[in-house]
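For reference, run18.cif (mmCIF, C-alpha atoms and all ligand atoms):
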```cif
data_data
#
loop_
_atom_site.label_atom_id
_atom_site.label_comp_id
_atom_site.auth_asym_id
_atom_site.auth_seq_id
_atom_site.Cartn_x
_atom_site.Cartn_y
_atom_site.Cartn_z
CA MET K 1 11.92 10.43 18.31
CA THR K 2 10.69 8.56 15.27
CA SER K 3 6.93 8.26 15.01
CA LEU K 4 7.05 4.79 13.48
CA GLN K 5 9.98 2.49 12.93
CA VAL K 6 9.55 -0.87 11.24
CA GLU K 7 12.45 -3.31 11.02
CA ASN K 8 12.53 -6.54 9.01
CA LEU K 9 8.86 -7.20 9.61
CA THR K 10 7.78 -10.66 8.47
CA LYS K 11 4.38 -12.28 8.79
CA THR K 12 3.75 -15.94 8.03
CA TYR K 13 0.36 -17.63 8.23
CA THR K 14 -0.07 -21.35 8.52
CA SER K 15 -3.25 -22.66 6.98
CA ALA K 16 -4.14 -26.21 5.98
CA GLY K 17 -0.64 -27.24 7.06
CA ARG K 18 1.02 -24.89 4.60
CA GLN K 19 3.00 -21.80 5.38
CA LEU K 20 2.27 -18.59 3.55
CA THR K 21 4.59 -15.62 4.01
CA VAL K 22 2.50 -12.53 3.30
CA LEU K 23 5.06 -9.97 4.48
CA HIS K 24 8.76 -10.38 3.95
CA GLU K 25 11.35 -8.30 5.81
CA VAL K 26 9.67 -4.93 5.43
CA SER K 27 11.52 -1.93 6.88
CA PHE K 28 10.84 1.80 6.88
CA SER K 29 10.68 4.66 9.35
CA LEU K 30 8.62 7.83 9.70
CA GLN K 31 9.19 11.07 11.56
CA PRO K 32 6.38 12.95 13.34
CA ALA K 33 4.00 14.68 10.89
CA ASP K 34 5.28 12.66 7.91
CA THR K 35 2.74 11.66 5.30
CA PHE K 36 3.26 8.22 3.79
CA ALA K 37 1.35 6.13 1.27
CA ILE K 38 1.51 2.36 0.83
CA VAL K 39 0.38 1.13 -2.58
CA GLY K 40 0.39 -2.19 -4.40
CA PRO K 41 -1.92 -4.80 -5.88
CA SER K 42 -4.63 -6.62 -3.96
CA GLY K 43 -3.14 -9.27 -1.70
CA SER K 44 0.31 -7.64 -1.57
CA GLY K 45 0.17 -7.34 2.23
CA LYS K 46 -0.83 -3.70 2.76
CA THR K 47 -3.62 -4.29 5.31
CA THR K 48 -1.49 -6.89 7.09
CA LEU K 49 1.37 -4.38 7.37
CA LEU K 50 -0.91 -1.64 8.68
CA GLY K 51 -2.34 -3.97 11.35
CA LEU K 52 1.15 -4.89 12.55
CA CYS K 53 2.28 -1.24 12.64
CA ALA K 54 -0.77 -0.30 14.73
CA GLY K 55 -0.28 -3.20 17.15
CA LEU K 56 -3.53 -4.92 16.15
CA ASP K 57 -1.62 -8.08 15.38
CA ARG K 58 1.83 -9.54 16.04
CA ALA K 59 4.55 -10.16 13.50
CA SER K 60 6.25 -13.55 13.06
CA SER K 61 9.60 -11.76 13.25
CA GLY K 62 10.94 -8.23 13.16
CA SER K 63 10.06 -5.21 15.27
CA VAL K 64 7.80 -2.16 15.35
CA TRP K 65 8.43 0.95 17.44
CA LEU K 66 5.43 3.23 17.70
CA GLN K 67 6.14 6.60 19.31
CA GLY K 68 9.31 4.99 20.68
CA ILE K 69 7.47 2.03 22.21
CA GLN K 70 8.54 -1.43 21.01
CA LEU K 71 5.23 -3.18 20.34
CA ASP K 72 6.46 -6.74 20.04
CA LYS K 73 7.56 -6.69 23.69
CA LEU K 74 4.05 -5.89 24.91
CA SER K 75 1.09 -8.02 25.92
CA GLU K 76 -2.20 -7.71 24.06
CA ASP K 77 -3.63 -5.46 26.81
CA GLN K 78 -0.56 -3.23 26.78
CA ARG K 79 -0.81 -2.90 23.01
CA ALA K 80 -4.49 -1.95 23.34
CA ALA K 81 -3.49 0.79 25.79
CA VAL K 82 -0.83 2.12 23.39
CA ARG K 83 -3.38 2.12 20.57
CA ASN K 84 -5.89 4.05 22.63
CA GLN K 85 -3.30 6.61 23.57
CA HIS K 86 -1.50 7.15 20.28
CA VAL K 87 -3.27 5.55 17.32
CA GLY K 88 -6.24 6.29 15.09
CA PHE K 89 -7.23 3.55 12.67
CA ILE K 90 -9.62 3.68 9.74
CA PHE K 91 -10.36 0.12 8.72
CA GLN K 92 -10.89 -1.00 5.13
CA ASN K 93 -14.24 -2.47 6.26
CA PHE K 94 -14.97 0.34 8.81
CA GLN K 95 -15.52 -2.02 11.80
CA LEU K 96 -18.12 0.13 13.48
CA LEU K 97 -19.89 -1.52 16.39
CA PRO K 98 -23.30 -2.52 14.97
CA THR K 99 -25.22 -2.22 18.24
CA LEU K 100 -24.09 1.37 18.83
CA THR K 101 -25.32 4.49 17.03
CA ALA K 102 -22.95 6.63 14.97
CA LEU K 103 -22.57 9.06 17.88
CA GLU K 104 -21.90 6.26 20.37
CA ASN K 105 -19.31 4.71 18.05
CA VAL K 106 -17.40 7.99 18.00
CA GLN K 107 -17.73 8.26 21.80
CA VAL K 108 -16.04 4.90 22.46
CA PRO K 109 -12.39 6.01 22.28
CA LEU K 110 -13.22 9.14 24.28
CA GLU K 111 -14.88 7.10 27.02
CA LEU K 112 -11.94 4.68 27.09
CA ARG K 113 -9.71 7.64 27.83
CA GLY K 114 -12.03 8.83 30.57
CA GLU K 115 -12.65 12.17 28.88
CA ARG K 116 -15.42 14.54 29.88
CA ASN K 117 -18.08 15.95 27.57
CA VAL K 118 -17.76 12.93 25.30
CA ALA K 119 -21.17 13.47 23.67
CA ARG K 120 -20.36 17.05 22.75
CA THR K 121 -16.90 16.18 21.38
CA ALA K 122 -18.31 13.25 19.39
CA GLN K 123 -21.07 15.45 17.97
CA ALA K 124 -18.50 18.05 16.85
CA LEU K 125 -16.47 15.32 15.13
CA LEU K 126 -19.56 14.01 13.31
CA GLU K 127 -20.29 17.55 12.16
CA ARG K 128 -16.78 17.83 10.77
CA VAL K 129 -17.39 14.81 8.54
CA GLY K 130 -20.80 16.14 7.48
CA LEU K 131 -22.89 13.74 9.57
CA GLY K 132 -24.10 16.03 12.35
CA GLU K 133 -27.71 15.02 11.71
CA ARG K 134 -27.06 11.28 11.60
CA GLY K 135 -25.68 10.63 15.09
CA HIS K 136 -28.70 8.58 16.18
CA HIS K 137 -28.44 6.18 13.23
CA TYR K 138 -27.00 2.68 13.57
CA PRO K 139 -24.29 1.59 11.10
CA ALA K 140 -26.78 -0.60 9.21
CA GLN K 141 -28.86 2.53 8.54
CA LEU K 142 -25.92 4.34 6.95
CA SER K 143 -24.45 4.01 3.46
CA GLY K 144 -20.94 2.64 3.00
CA GLY K 145 -19.51 6.12 2.52
CA GLU K 146 -21.32 7.42 5.60
CA GLN K 147 -19.96 4.53 7.68
CA GLN K 148 -16.52 5.39 6.31
CA ARG K 149 -16.92 8.94 7.60
CA VAL K 150 -18.12 7.80 11.04
CA SER K 151 -15.04 5.60 11.14
CA LEU K 152 -12.96 8.68 10.31
CA ALA K 153 -14.60 10.71 13.10
CA ARG K 154 -13.88 7.85 15.53
CA ALA K 155 -10.25 7.65 14.40
CA PHE K 156 -9.86 11.41 15.01
CA ALA K 157 -11.52 11.26 18.43
CA ASN K 158 -8.46 10.65 20.54
CA ARG K 159 -6.29 13.15 18.64
CA PRO K 160 -3.87 10.41 17.60
CA ALA K 161 -0.16 11.00 17.13
CA ILE K 162 -0.34 8.61 14.20
CA LEU K 163 -3.29 7.83 11.97
CA PHE K 164 -3.49 4.68 9.86
CA ALA K 165 -6.09 4.74 7.11
CA ASP K 166 -6.79 1.68 4.96
CA GLU K 167 -8.40 2.84 1.70
CA PRO K 168 -9.98 5.90 3.35
CA THR K 169 -11.54 7.12 0.11
CA GLY K 170 -12.22 3.71 -1.43
CA ASN K 171 -16.00 3.76 -1.02
CA LEU K 172 -16.67 7.42 -1.57
CA ASP K 173 -17.96 9.48 -4.48
CA PRO K 174 -15.42 12.03 -5.79
CA ASP K 175 -16.82 14.97 -3.76
CA THR K 176 -17.03 13.10 -0.46
CA GLY K 177 -13.64 11.54 -1.19
CA GLU K 178 -12.20 15.02 -1.58
CA THR K 179 -13.74 16.12 1.74
CA VAL K 180 -12.26 13.11 3.53
CA GLN K 181 -8.89 13.66 1.90
CA LYS K 182 -8.89 17.27 3.05
CA LEU K 183 -9.79 16.22 6.61
CA LEU K 184 -6.86 13.80 6.70
CA PHE K 185 -4.33 16.35 5.50
CA ASP K 186 -5.81 19.12 7.68
CA LEU K 187 -5.37 16.87 10.73
CA ASN K 188 -1.79 16.25 9.65
CA LYS K 189 -1.12 20.01 9.37
CA GLU K 190 -3.09 21.21 12.40
CA ALA K 191 -2.13 18.53 14.91
CA GLY K 192 1.12 17.21 13.40
CA THR K 193 -0.44 13.79 13.06
CA THR K 194 1.69 11.27 11.19
CA LEU K 195 -0.40 9.95 8.31
CA VAL K 196 -0.04 6.42 6.93
CA LEU K 197 -2.40 5.72 4.04
CA VAL K 198 -3.06 2.56 2.10
CA THR K 199 -4.64 3.43 -1.21
CA HIS K 200 -5.26 2.34 -4.77
CA ASP K 201 -5.76 5.98 -5.67
CA LEU K 202 -2.45 7.15 -7.12
CA GLU K 203 -3.59 10.78 -7.07
CA LEU K 204 -4.08 10.52 -3.31
CA ALA K 205 -0.75 8.72 -2.91
CA ALA K 206 1.00 11.53 -4.82
CA LYS K 207 -0.21 14.03 -2.22
CA THR K 208 1.91 12.37 0.46
CA GLN K 209 5.62 13.01 0.95
CA ARG K 210 6.65 9.41 0.27
CA THR K 211 5.12 6.36 -1.37
CA MET K 212 6.13 2.75 -0.80
CA ARG K 213 5.07 0.16 -3.35
CA MET K 214 4.57 -3.46 -2.32
CA ARG K 215 4.25 -6.65 -4.29
CA GLY K 216 3.95 -10.17 -2.93
CA GLY K 217 4.68 -9.02 0.63
CA LYS K 218 7.88 -7.20 -0.30
CA VAL K 219 8.78 -3.56 -0.74
CA VAL K 220 9.56 -3.10 -4.42
CA GLU K 221 9.96 0.67 -4.60
CA GLU K 222 10.06 3.82 -2.52
CA SER K 223 9.49 7.17 -4.12
CA VAL K 224 9.13 10.77 -3.11
CA GLY K 225 5.71 12.29 -3.78
CA THR K 226 4.84 15.70 -5.14
CA ALA K 227 3.96 17.03 -1.67
CA SER K 228 6.72 18.97 0.04
N1 LIG K 301 -5.54 -14.84 8.62
C1 LIG K 301 -4.97 -15.13 7.45
N2 LIG K 301 -4.61 -16.38 7.14
C2 LIG K 301 -4.03 -16.68 5.96
N3 LIG K 301 -3.75 -15.76 5.00
C3 LIG K 301 -4.08 -14.49 5.26
C4 LIG K 301 -4.72 -14.10 6.48
N4 LIG K 301 -4.92 -12.75 6.44
C5 LIG K 301 -4.45 -12.34 5.24
N5 LIG K 301 -3.94 -13.38 4.53
C6 LIG K 301 -3.34 -13.31 3.20
O1 LIG K 301 -2.33 -12.35 3.22
C7 LIG K 301 -2.19 -11.73 1.94
C8 LIG K 301 -2.14 -10.23 2.13
O2 LIG K 301 -3.42 -9.78 2.56
P1 LIG K 301 -3.73 -8.24 2.82
O3 LIG K 301 -5.11 -8.16 3.34
O4 LIG K 301 -2.65 -7.68 3.65
O5 LIG K 301 -3.62 -7.64 1.32
P2 LIG K 301 -3.89 -6.16 0.79
O6 LIG K 301 -2.63 -5.71 0.12
O7 LIG K 301 -4.43 -5.32 1.88
O8 LIG K 301 -5.00 -6.40 -0.33
P3 LIG K 301 -6.28 -5.51 -0.76
O9 LIG K 301 -5.74 -4.41 -1.64
O10 LIG K 301 -7.13 -6.47 -1.51
O11 LIG K 301 -6.94 -5.00 0.47
C9 LIG K 301 -3.36 -12.22 1.11
O12 LIG K 301 -2.88 -13.19 0.22
C10 LIG K 301 -4.29 -12.83 2.14
O13 LIG K 301 -5.01 -13.91 1.60
MG MG K 302 -6.28 -4.45 2.21
#
```
Hey, can you dump this file as structure tokens for me?
Amino acid sequence: MTSLQVENLTKTYTSAGRQLTVLHEVSFSLQPADTFAIVGPSGSGKTTLLGLCAGLDRASSGSVWLQGIQLDKLSEDQRAAVRNQHVGFIFQNFQLLPTLTALENVQVPLELRGERNVARTAQALLERVGLGERGHHYPAQLSGGEQQRVSLARAFANRPAILFADEPTGNLDPDTGETVQKLLFDLNKEAGTTLVLVTHDLELAAKTQRTMRMRGGKVVEESVGTAS
């Protein structure tokens, strides 16, 4: 089974009576445990593409199969259930819930799955990202990089088959960035998680097996990375 299959994905927005096509017939497919980077200039459609692949939004045309499930046939609620079961997502702007502490944010996906010992599991995840002592802090009391790492712990919480990460190291100092990078690739190796990264960091992109370059909503190049 392919982990992710994207066929002729197109997204058009209408604003102020004008149509803007921000993704144009994008296709690619990934096998389980593949590592994949999407690069390209600001506004080229990377975040839009990631959101469609993860079932956060619907395409104007084209199809996405995630773990063999065709997302465009599903209702919003059904897509939410698929996300909870199979997907981890690290947002470019973190999207932590502001009224919950760091620990509670990490607990959310675990509670949605009805798991036991959610507090203990969430605490262990926070420790893995170096924030074991900060569980009681609210997002507003954390730095950008710390919020990024809470977001990472939350994305790992449900042991996703596929992890989407939008600029996962974008707000981090080099050392913390390296730690986060290692966590992502460790998860890929240990759990066979398919990794889809959007990044401006070409060094990070080169560590994946394949890189896809976008411009103006189109795929302009696919290349094989240095990773085996
Ligand atoms: N809701 C919307 N309505 C209209 N246009 C939108 C909407 N969301 C995104 N866009 C446009 O779609 C294009 C692609 O945006 P997207 O966020 O996918 O780019 P990106 O490649 O992730 O850029 P960056 O590197 O800056 O994060 C942009 O031109 C953006 O203005
Ligand atoms: Mg973006």
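Near ligand LIG 301 (chain K), the residues found within 7 Å are K:Tyr13, K:Thr14, K:Ser15, K:Leu20, K:Val22, K:Gly40, K:Pro41, K:Ser42, K:Gly43, K:Ser44, K:Gly45, K:Lys46, K:Thr47, K:Thr48, K:Leu49 (criterion computed using only C-alpha atoms and all ligand atoms).
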Interatomic distance, CA of Gly68 (chain K) to CA of Ser3 (chain K) (Å, one decimal): 7.0 Å
Long-range neighbours of region 201-211 of chain K as an NGL selection string, 12 Å cut-off, all atoms listed in the file, 5 positions minimum in chain: :K and (28-31 or 33-41 or 166-172 or 174 or 177-178 or 180-182 or 184-185 or 188 or 194-196 or 219-228)
Nearest candidate to Val108 (chain K) (options K:Ser75, K:Ser61, K:Thr2, K:Ser151; using all atoms listed in the file):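 Going through K:Ser75, K:Ser61, K:Thr2, K:Ser151 one by one, the smallest distance to Val108 (chain K) is for K:Ser151.
Counting all atoms listed in the file and comparing K:Leu100, K:Ile69, K:Met214, K:Leu110, the residue that lies closest to Asn158 (chain K) is K:Leu110.
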